[in-house]
Amino acid sequence: KLKNFVGMNLKLKVCFEYQFPLQVKKSNGELVTVNSPEELERALRGNPTTSGRSVIAFPFDVKLRETGEIITIANEADLKALNERCRNR
């Protein structure tokens with residue numbers, strides 16, 4: 001399962017852009033709204049003294065860079081499909 005998006009490989013990052021705002025679920029269950037790539041990175045990094053990881057909360061939208069198409073990632077199956085689409089482009 002893909003739990004943390006900060007470490008996605010460069011090819012996947014080039015394939016799509018996150019559409020903001022989106023929400024990050026913190027390790028304590030709190031939902032935080034982020035409005036930029038910088039805020040997303042900070043939110044996902046979180047507090048290193050806190051156990052658990054922060055993740056992007058479903059659903060969220062991405063824009064495919066090649067086509068400009070906006071797609072909604074509603075669950076882990078959609079995320080896996082996006083991952084495959086990016087790898088196979």
# chains A, B, ... in the order shown; residues from 1 in each chain; ligands from 1
>>> residues_around(residues="region 55-69 of chain A", least_positions_apart="3", cutoff="9 Å", atoms="only C-alpha atoms", output="PyMOL selection string")
chain A and resi 3-5+14-27+31+40+43-44+72-76
>>> write_last_selection(atoms="C-alpha atoms", output="CSV table (one decimal), in the first residue's frame")
chain,number,residue,atom,x,y,z
A,3,LYS,CA,0.9,5.3,2.6
A,4,ASN,CA,3.2,8.3,2.2
A,5,PHE,CA,3.5,10.4,-1.0
A,14,VAL,CA,6.2,14.3,-13.4
A,15,CYS,CA,3.1,12.4,-14.4
A,16,PHE,CA,0.6,14.4,-12.4
A,17,GLU,CA,0.0,17.5,-10.2
A,18,TYR,CA,-2.0,17.5,-7.0
A,19,GLN,CA,-5.0,19.8,-7.1
A,20,PHE,CA,-5.2,22.0,-4.1
A,21,PRO,CA,-6.7,22.4,-1.6
A,22,LEU,CA,-6.6,18.8,-0.3
A,23,GLN,CA,-6.6,17.2,3.1
A,24,VAL,CA,-3.9,15.4,5.0
A,25,LYS,CA,-4.9,12.9,7.7
A,26,LYS,CA,-2.4,13.3,10.6
A,27,SER,CA,-1.2,10.3,12.6
A,31,LEU,CA,-7.6,16.4,9.1
A,40,LEU,CA,1.7,19.4,1.6
A,43,ALA,CA,2.1,18.3,6.6
A,44,LEU,CA,3.3,14.9,5.4
A,72,THR,CA,-10.4,11.9,-8.7
A,73,ILE,CA,-8.5,9.4,-6.6
A,74,ALA,CA,-11.2,8.0,-4.3
A,75,ASN,CA,-9.4,5.1,-2.7
A,76,GLU,CA,-6.3,3.0,-2.8
>>> atom_distance(atom1="CA of Gly52 (chain A)", atom2="CA of Arg85 (chain A)")
28.7 Å
>>> atom_distance(atom1="CA of Ile70 (chain A)", atom2="CA of Leu82 (chain A)")
11.8 Å
>>> select_by_dssp(residues="region 20-62 of chain A", states="helix (DSSP H, G or I)", output="ChimeraX atom specification")
/A:37-45
>>> select_by_dssp(residues="region 4-87 of chain A", states="strand (DSSP E or B)", output="PyMOL selection string")
chain A and resi 16-18+22-25+31-34+55-56+60-64+70-73
>>> atom_distance(atom1="CA of Asn35 (chain A)", atom2="CA of Leu79 (chain A)")
20.4 Å
